[in-house]
Amino acid sequence: MSNLYLSFNPNYKIKKRGDYLFLYSKDFSEISGVKPLAPIEAIILIYCDGTKTYEEVINFAKSLISSYSLKEEDFKNLKIIINTFIKNQILLKSPFKKKHNFDYNLSEILSCKIPDSPKVIHLEIPIGFGLLLTHKCPFCCVYCYAKTIKSNEKEEYISLDRLLKIFSEAKDLEIESVAISGGEPFSYPKIFDIIKEILQMGIFPIISTKFPLKEKEISYLKKLGLKKIQVSLDSHKEEIVNSLLGVPNYFSSIINTIKTLISYNIEVRINCVLTKETIKDIDNFIYFLYELGIRQLGLAPYSANLSHYDFSLFPAKEEYKKLKFLLKKIKKELPDFLVHYFCPIELEEKLKRKEFEWCSAGRFGFAILPNGKVTICEQLTTDDFIVGDLNYQGIMDIWNSDNMLNFRFPKREYFKDTECYYCEEFEECSKYQGRCYLRTLIVFNRIFAPDPFCPKVSDKVNFRQW
């Protein structure tokens, strides 16, 4: 790496919340989620401005260790952290030397406390939230977890005026990102009004769509100031795409949309759901995307959900093993092509090491439903998981409510007749790990039960991944 320059990934932000620093992805797409950050780690990230090589960054870390009179062991740990930042694409490698300017207050960073745990308990103020504008969708994706409705069905919406007040509160709270989804967000009648208002407030909209946009709509998005959008596309093969979506003649129209977005200099990130069919030819799919001008791809393994759960869609474990090596090959061939992906096999290995797979629901964000009600997770939309209503409550009222706290830090008594009730690590688990209520519902058909990815029960239950 001596001739490669490191730069802090612009998709990430360092944010002060309370007395601590947190590192997070602006578009929630990277695998690292939200991470408590020590001031010295933040300084190293900011130092990586695209003009420093790996060796220079390591030497800079050494100098910091000396300045703070820390031990040799601390330097070894810091080197591991730097390598992890590179592995997780928080630090990007490039053969080209190009300076990036960061606007961070160093004195504020240095005044922050060192976190007492590498895990997030919860944030005093949410970093972002999801906005499900509508349940309407013109597609019939075989893998979709959302319970969608047809375009001609009636739906109750929170008023646009009320949404604008929520966005204003979000801006005052320094919430910088809103993930806009559905259903299909472009099926919402006032979608362009929403995007316009969000952008005018300086909030970053993370829009995920499958909708074939017309050139005049793309031109208007560009005029509004939209810089990036995620388009869902699962293959370069027309017959596979049309089959997965249940819509004939779709492929050519979405490819035209992607080309037009790129021609208007709107960055396009592709999201692909890995199924038994789509995983087989992923290398040629990546080459196809590269030729189109795409430079970012998210790979989302098909997983169990409460809506469309089809065993035949799971890729084989051997396919995941092949994909791991294939992506290493692609990384060498196309160093400027970023793939965001967490392999299920790595999760299996993590569980074998008795490491817990944590869940972020209600800990650094939440999801707003079309009618204005708030849930801890976009996949959990029944009344059991509603923690507030933004038609008459504010963001912080809901964030600090008893309803939210009951999910964030549930009481032991809720878990009677389960392993959790008798577990000596219950309090520690509730404080730091965060259970996935979606997984517990799928496996145990109850809300308060062991997370199937808890190392203490993972070998006793079958939460299928392949």
# chains A, B, ... in the order shown; residues from 1 in each chain; ligands from 1
>>> residues_around(residues="A:Gly183", least_positions_apart="6", cutoff="12 Å", atoms="only C-alpha atoms", output="PyMOL selection string")
chain A and resi 131-141+144-151+155+207-211+369-370+378-379
>>> select_by_dssp(residues="stretch 301-378 of chain A", states="helix (DSSP H, G or I)", output="NGL selection string")
:A and (311-313 or 317-333 or 344-352)
>>> closest_residue(among="A:Leu390, A:Ile229, A:Asp103, A:Phe407", to="A:Ile262", atoms="only C-alpha atoms")
A:Ile229
>>> residues_around(residues="stretch 330-339 of chain A", least_positions_apart="6", cutoff="12 Å", atoms="only C-alpha atoms", output="number ranges by chain")
A: 4, 9, 11, 29-31, 87-96, 269-272, 282-287, 289-291, 293-300, 323-324
>>> residues_around(residues="A:Gly130", least_positions_apart="4", cutoff="8 Å", atoms="only C-alpha atoms", output="compact mmCIF listing (two decimals) with N, CA, C and O atoms, in the first residue's frame")
# COMPACT_ATOMS: atom_id res chain seq x y z
N VAL A 178 -32.28 11.54 5.87
CA VAL A 178 -33.61 10.93 5.89
C VAL A 178 -33.66 9.89 4.78
O VAL A 178 -33.45 10.22 3.61
N ALA A 179 -33.93 8.63 5.14
CA ALA A 179 -34.02 7.55 4.16
C ALA A 179 -35.45 7.46 3.65
O ALA A 179 -36.36 7.10 4.40
N ILE A 180 -35.66 7.80 2.38
CA ILE A 180 -37.00 7.83 1.80
C ILE A 180 -37.27 6.55 1.03
O ILE A 180 -36.55 6.20 0.10
N SER A 181 -38.33 5.83 1.46
CA SER A 181 -38.64 4.56 0.81
C SER A 181 -40.14 4.34 0.82
O SER A 181 -40.92 5.27 0.94
N GLY A 365 -32.02 5.50 15.35
CA GLY A 365 -33.01 6.01 14.40
C GLY A 365 -34.35 5.33 14.58
O GLY A 365 -34.53 4.51 15.49
N PHE A 366 -35.29 5.66 13.72
CA PHE A 366 -36.63 5.09 13.78
C PHE A 366 -37.23 5.18 12.39
O PHE A 366 -36.60 5.69 11.46
N ALA A 367 -38.46 4.72 12.21
CA ALA A 367 -39.12 4.75 10.90
C ALA A 367 -40.50 5.38 11.03
O ALA A 367 -41.26 5.06 11.95
N ILE A 368 -40.81 6.30 10.11
CA ILE A 368 -42.11 6.96 10.07
C ILE A 368 -42.96 6.28 9.00
O ILE A 368 -42.54 6.15 7.85
N GLU A 378 -38.53 -0.42 10.09
CA GLU A 378 -39.38 -0.34 8.90
C GLU A 378 -40.05 -1.66 8.56
O GLU A 378 -41.05 -1.69 7.84
>>> residues_around(residues="A:Lys280", least_positions_apart="4", cutoff="9 Å", atoms="only C-alpha atoms", output="list in words")
Thr275, Lys276, Pro315, Glu319 and Leu323 of chain A
>>> closest_atom_pairs(of="stretch 211-317 of chain A", to="stretch 435-455 of chain A", cutoff="12 Å", atoms="only C-alpha atoms", output="tab-separated table")
residue	atom	partner	partner_atom	distance
A:Ser303	CA	A:Arg439	CA	10.2
A:Ala304	CA	A:Ile442	CA	7.6
A:Asn305	CA	A:Ile442	CA	7.1
A:Leu306	CA	A:Ile442	CA	6.7
A:Ser307	CA	A:Ile442	CA	10.3
A:His308	CA	A:Ile442	CA	11.9
A:Tyr309	CA	A:Ile442	CA	10.0
>>> closest_residue(among="A:Val34, A:Val57, A:Leu110, A:Ile255", to="A:Lys237", atoms="only C-alpha atoms")
A:Ile255
>>> closest_residue(among="A:Gln230, A:Gln465, A:Ser430, A:Ser243", to="A:Lys317", atoms="only C-alpha atoms")
A:Gln465
>>> residues_around(residues="A:Lys431", least_positions_apart="3", cutoff="8 Å", atoms="only C-alpha atoms", output="VMD selection string")
chain A and resid 121 409 427 to 428 434
>>> write_last_selection(atoms="C-alpha atoms", output="PDB file, in the first residue's frame")
ATOM      1  CA  ILE A 121     -26.016   1.933  24.013  1.00  0.00           C
ATOM      2  CA  PHE A 409     -34.203  -1.650  27.352  1.00  0.00           C
ATOM      3  CA  GLU A 427     -28.769  -6.565  31.740  1.00  0.00           C
ATOM      4  CA  GLU A 428     -25.505  -6.342  29.794  1.00  0.00           C
ATOM      5  CA  GLY A 434     -29.941  -4.658  21.144  1.00  0.00           C
TER       6      GLY A 434
END
>>> atom_distance(atom1="atom CA of A:Val231", atom2="atom CA of A:Val142")
17.1 Å
>>> residues_around(residues="A:Lys223", least_positions_apart="3", cutoff="12 Å", atoms="only C-alpha atoms", output="number ranges by chain")
A: 192, 195-196, 199-200, 216-220, 226-227, 264-266
>>> write_last_selection(atoms="N, CA, C and O atoms", output="CSV table (one decimal), in the first residue's frame")
chain,number,residue,atom,x,y,z
A,192,PHE,N,-42.0,15.0,-5.1
A,192,PHE,CA,-41.1,16.0,-5.5
A,192,PHE,C,-41.2,17.2,-4.5
A,192,PHE,O,-40.2,17.9,-4.3
A,195,ILE,N,-38.9,16.1,-1.6
A,195,ILE,CA,-37.5,16.2,-1.9
A,195,ILE,C,-37.0,17.6,-1.9
A,195,ILE,O,-36.0,18.0,-1.4
A,196,LYS,N,-37.9,18.5,-2.5
A,196,LYS,CA,-37.5,19.9,-2.5
A,196,LYS,C,-37.3,20.5,-1.2
A,196,LYS,O,-36.3,21.2,-0.9
A,199,LEU,N,-34.2,19.1,0.7
A,199,LEU,CA,-32.9,19.6,0.2
A,199,LEU,C,-32.8,21.1,0.6
A,199,LEU,O,-31.6,21.6,0.9
A,200,GLN,N,-33.8,21.9,0.6
A,200,GLN,CA,-33.7,23.3,1.0
A,200,GLN,C,-33.3,23.4,2.4
A,200,GLN,O,-32.8,24.5,2.8
A,216,LYS,N,-37.7,14.5,-17.9
A,216,LYS,CA,-38.1,15.8,-17.3
A,216,LYS,C,-38.2,15.7,-15.8
A,216,LYS,O,-37.9,16.7,-15.1
A,217,GLU,N,-38.5,14.5,-15.2
A,217,GLU,CA,-38.4,14.4,-13.8
A,217,GLU,C,-37.0,14.4,-13.3
A,217,GLU,O,-36.7,14.9,-12.2
A,218,ILE,N,-36.1,13.7,-14.0
A,218,ILE,CA,-34.7,13.7,-13.6
A,218,ILE,C,-34.1,15.1,-13.7
A,218,ILE,O,-33.3,15.5,-12.8
A,219,SER,N,-34.5,15.8,-14.7
A,219,SER,CA,-34.0,17.2,-14.9
A,219,SER,C,-34.5,18.1,-13.7
A,219,SER,O,-33.7,18.9,-13.2
A,220,TYR,N,-35.7,17.8,-13.3
A,220,TYR,CA,-36.2,18.6,-12.1
A,220,TYR,C,-35.5,18.2,-10.8
A,220,TYR,O,-35.2,19.1,-10.0
A,226,LEU,N,-30.6,17.5,-6.1
A,226,LEU,CA,-30.3,16.1,-5.7
A,226,LEU,C,-29.0,15.6,-6.3
A,226,LEU,O,-28.7,15.8,-7.5
A,227,LYS,N,-28.1,15.0,-5.5
A,227,LYS,CA,-26.8,14.6,-6.0
A,227,LYS,C,-26.6,13.1,-6.1
A,227,LYS,O,-25.7,12.6,-6.8
A,264,TYR,N,-27.1,13.5,-16.2
A,264,TYR,CA,-27.4,14.7,-15.5
A,264,TYR,C,-26.5,14.9,-14.3
A,264,TYR,O,-26.7,15.7,-13.4
A,265,ASN,N,-25.5,14.0,-14.2
A,265,ASN,CA,-24.5,14.1,-13.1
A,265,ASN,C,-25.1,13.8,-11.7
A,265,ASN,O,-24.7,14.4,-10.7
A,266,ILE,N,-26.1,13.0,-11.7
A,266,ILE,CA,-26.6,12.5,-10.4
A,266,ILE,C,-26.0,11.1,-10.1
A,266,ILE,O,-26.2,10.2,-10.9
>>> select_by_dssp(residues="stretch 44-262 of chain A", states="strand (DSSP E or B)", output="PDB file with C-alpha atoms, in the first residue's frame")
ATOM      1  CA  ASP A  49      -7.270  13.691   3.335  1.00  0.00           C
ATOM      2  CA  GLY A  50      -6.268  11.851   0.149  1.00  0.00           C
ATOM      3  CA  THR A  51      -2.655  13.070   0.200  1.00  0.00           C
ATOM      4  CA  LYS A  52      -1.243  10.653   2.802  1.00  0.00           C
ATOM      5  CA  THR A  53      -0.008   7.122   2.137  1.00  0.00           C
ATOM      6  CA  LEU A  91     -10.836   4.758   4.662  1.00  0.00           C
ATOM      7  CA  LEU A  92     -10.608   4.507   0.886  1.00  0.00           C
ATOM      8  CA  LYS A  93      -7.455   3.620  -1.063  1.00  0.00           C
ATOM      9  CA  SER A  94      -6.582   5.353  -4.308  1.00  0.00           C
ATOM     10  CA  GLY A 128     -31.389   9.918  11.076  1.00  0.00           C
ATOM     11  CA  PHE A 129     -34.708   8.277  10.375  1.00  0.00           C
ATOM     12  CA  GLY A 130     -36.558   6.363   7.702  1.00  0.00           C
ATOM     13  CA  LEU A 131     -39.597   7.845   5.977  1.00  0.00           C
ATOM     14  CA  LEU A 132     -41.959   5.320   4.376  1.00  0.00           C
ATOM     15  CA  LYS A 136     -48.261   1.727  -2.745  1.00  0.00           C
ATOM     16  CA  ILE A 149     -50.894  -2.080  -1.673  1.00  0.00           C
ATOM     17  CA  SER A 177     -30.133  12.190   6.723  1.00  0.00           C
ATOM     18  CA  VAL A 178     -33.614  10.927   5.895  1.00  0.00           C
ATOM     19  CA  ALA A 179     -34.017   7.554   4.156  1.00  0.00           C
ATOM     20  CA  ILE A 180     -37.005   7.833   1.803  1.00  0.00           C
ATOM     21  CA  SER A 181     -38.642   4.560   0.814  1.00  0.00           C
ATOM     22  CA  PHE A 204     -29.475  14.611   2.828  1.00  0.00           C
ATOM     23  CA  PRO A 205     -32.286  12.533   1.262  1.00  0.00           C
ATOM     24  CA  ILE A 206     -31.466   8.857   0.779  1.00  0.00           C
ATOM     25  CA  ILE A 207     -33.908   7.821  -1.922  1.00  0.00           C
ATOM     26  CA  SER A 208     -34.261   4.179  -2.902  1.00  0.00           C
ATOM     27  CA  THR A 209     -36.356   3.436  -5.988  1.00  0.00           C
ATOM     28  CA  LYS A 228     -27.291  10.913  -5.310  1.00  0.00           C
ATOM     29  CA  ILE A 229     -29.977   8.249  -5.627  1.00  0.00           C
ATOM     30  CA  GLN A 230     -30.162   4.506  -5.104  1.00  0.00           C
ATOM     31  CA  VAL A 231     -31.715   2.405  -7.854  1.00  0.00           C
ATOM     32  CA  SER A 232     -32.602  -1.232  -7.193  1.00  0.00           C
TER      33      SER A 232
END
>>> atom_distance(atom1="atom CA of A:Pro126", atom2="atom CA of A:Phe385")
17.8 Å
>>> atom_distance(atom1="atom CA of A:Glu318", atom2="atom CA of A:Ile279")
10.8 Å
>>> closest_residue(among="A:Tyr320, A:Gly18, A:Lys76, A:Ile82", to="A:Ile43", atoms="only C-alpha atoms")
A:Ile82
>>> closest_residue(among="A:Tyr12, A:Tyr341, A:Phe426, A:Trp358", to="A:Glu176", atoms="only C-alpha atoms")
A:Tyr12
>>> closest_residue(among="A:Leu326, A:Leu213, A:Met404, A:Ile40", to="A:Asn256", atoms="only C-alpha atoms")
A:Leu213
